[in-house]
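Visitor: Here's a structure for you.
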Amino acid sequence: MSATAKKLLVDVHSHVYLPRYASLLRSRSSVPKICSVTTSDGIPQERLLILNHEPSGGRPVGSQYWDREEKLKFMDKHGIDVSIVSTANPWLDFLSAPDAQLLASELNNDLEQYCSTSPRTSNCNYAIKRLYGFGLLPLVPEITTSAALDIVSQITQLPHLRGLIMGTKGIGRGLDDAALDPVWDAIEKAQLVVFLHPHYGVNAEVWGEENNGHVLPLALGFPFETTIAATRIILSGVLDRFPSLRLLLAHSGGALPALSSRLASCIDHDPIVASRLKHDARYYLGKLYLDAVAYGPEELGFASDVIARADRYNPQSSSTPVLSRSIGSKRMLFGTDHPFFPPLTSTEKWKSVVENLEAIDRVQGWSQEDRDGVCGANALALFNLIQ
Ligand code: URA
Ligand code: ZN
């Protein structure tokens, strides 16, 4: 890889509502939906209502959510060379099985088109486009295994789709459902990256009655949902049965890095689970990839420590395991969550992006090479972008 290629900035957490999906949301009268309102200043506005118990009449939504030119302008403004774009939540979760299957196939083709017709990066010696994508699977109750596998196969054949985004519901019983084994198997064989992303949060009753806008569901509910889903995947032995599965967890894995030793201890003391897994729970943290959407250098440093520590629990590793943040950084990847978290007042650059870049820059114990890896080189390797 050339020195230039190493310096690419790659955003692995970047969303879109493709026009076909936005039209569907506009046609709906119940959540999830996009509705038109007039603000108190008489300005017409579209609003996005997707969360359960959506606070404050939803969020304003505009062309940044569907227009590819807006995505490229945002990338240019922030020096982002390449984005791996995924449909934003709630994906196809609310559809019937036949509708989900048809829309998955159509949206995967739309996303391939969106990416394949994007310009090439100007910042690299390799023929890399500026946009790649995560496809969608029709994971809804009553979908047949063969229908889900057909879509895995479709994604595999679309050259600009390098993975798929997945919510936490599976086909209705969560991601520890043994019925998903054929799907994990096909994904593993196809070497697709699974981007595990939250939508539902946790029971909204725990947020109380104060109007805190979207803060509690987004800051806490989202990461707790990811924490629970990833933990259930670990507990079900999915990572023992499919050891080459590549799971990328949104929002730096939520609370899982901080709770992994407690998880290991609870497993060790539980007669039902104690002998179920091949490894100590902390081992599995080293098999995950985490986006670097944590907004602080301390959190990124800590998450990379926990990933690096996994080697201690690997019976195959050398007898003197090296505990190094550098090792952990290899599994962390820059992301923005665009077009969510726009600045509230007009600023040149988005605070949510600048903060994540500054956090990467300030992690103690990461070398310049580690930072370049988190910013781009790790993604180039994970998504096989340089062939
Ligand atoms: N809010 C959402 O609904 N989804 C995201 O991905 C980020 C913020
Ligand atoms: Zn997101």
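Scheme for the structure tokens: letters A, B, ... for chains in order shown; per-chain residue numbers from 1; ligand numbers from 1 in order shown.
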Would you please extract all alpha helix (DSSP H) residues from region 132-333 of chain A, as assigned by DSSP on the backbone, and give them as an MDAnalysis selection string?

Guide: chainID A and resid 145:157 181:190 215:216 222:235 238:241 256:268 281:285 297:309 325:329

Visitor: Can you tell me which residues come within 12 Å of ligand 1 when counting only C-alpha atoms and all ligand atoms, ideally as JSON, numbers by chain?

Guide: {"A": [12, 13, 14, 15, 16, 17, 32, 48, 49, 50, 51, 52, 54, 55, 58, 59, 60, 61, 65, 85, 86, 87, 88, 89, 90, 91, 165, 166, 167, 195, 196, 197, 198, 199, 200, 201, 214, 215, 216, 217, 218, 219, 220, 221, 222, 223, 226, 250, 251, 293, 335, 336, 337, 338, 339, 340, 341, 342, 352]}

Visitor: Might you pull out every residue within 10 Å of Arg262 (chain A), with only C-alpha atoms counted and same-chain residues fewer than 6 positions away left off, and present them as a ChimeraX atom specification?

Guide: /A:256,268,281-282

Visitor: With C-alpha atoms retained, could you export that selection as a PDB file, in the first residue's frame?

Guide:
ATOM      1  CA  LEU A 256     -19.724  -3.894  26.195  1.00  0.00           C
ATOM      2  CA  ASP A 268     -18.208 -18.265  35.259  1.00  0.00           C
ATOM      3  CA  ALA A 281     -16.101 -13.857  27.391  1.00  0.00           C
ATOM      4  CA  ARG A 282     -13.236 -11.355  27.114  1.00  0.00           C
TER       5      ARG A 282
END

Visitor: For ligand 2, which of A:Leu158, A:Leu111, A:Leu24, A:Ile84 is the closest residue, counting only C-alpha atoms and all ligand atoms?

Guide: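 Of A:Leu158, A:Leu111, A:Leu24, A:Ile84, the one nearest ligand 2, counting only C-alpha atoms and all ligand atoms, is A:Ile84.
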
Visitor: Name the closest residue to ligand 2 among the candidates A:Gln387, A:Thr121, A:Leu248, A:His160; distances are taken between atoms, counting only C-alpha atoms and all ligand atoms.

Guide: A:Leu248

Visitor: Which is closer to ligand 2 than all the others in A:Asp11, A:Glu299, A:Arg20, A:Ser27, using only C-alpha atoms and all ligand atoms?

Guide: A:Asp11

Visitor: Kindly indicate which residue among A:Thr117, A:Ser122, A:Ser252, A:Ser236 lies nearest to ligand 2, using only C-alpha atoms and all ligand atoms for the distances.

Guide: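 Ranked by minimum distance to ligand 2, first place goes to A:Ser252.
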
Visitor: Given the choices A:Gly172, A:Ile143, A:Leu300, A:Leu249, which gets closest to ligand 2 if the distance is worked out from only C-alpha atoms and all ligand atoms?

Guide: A:Leu249
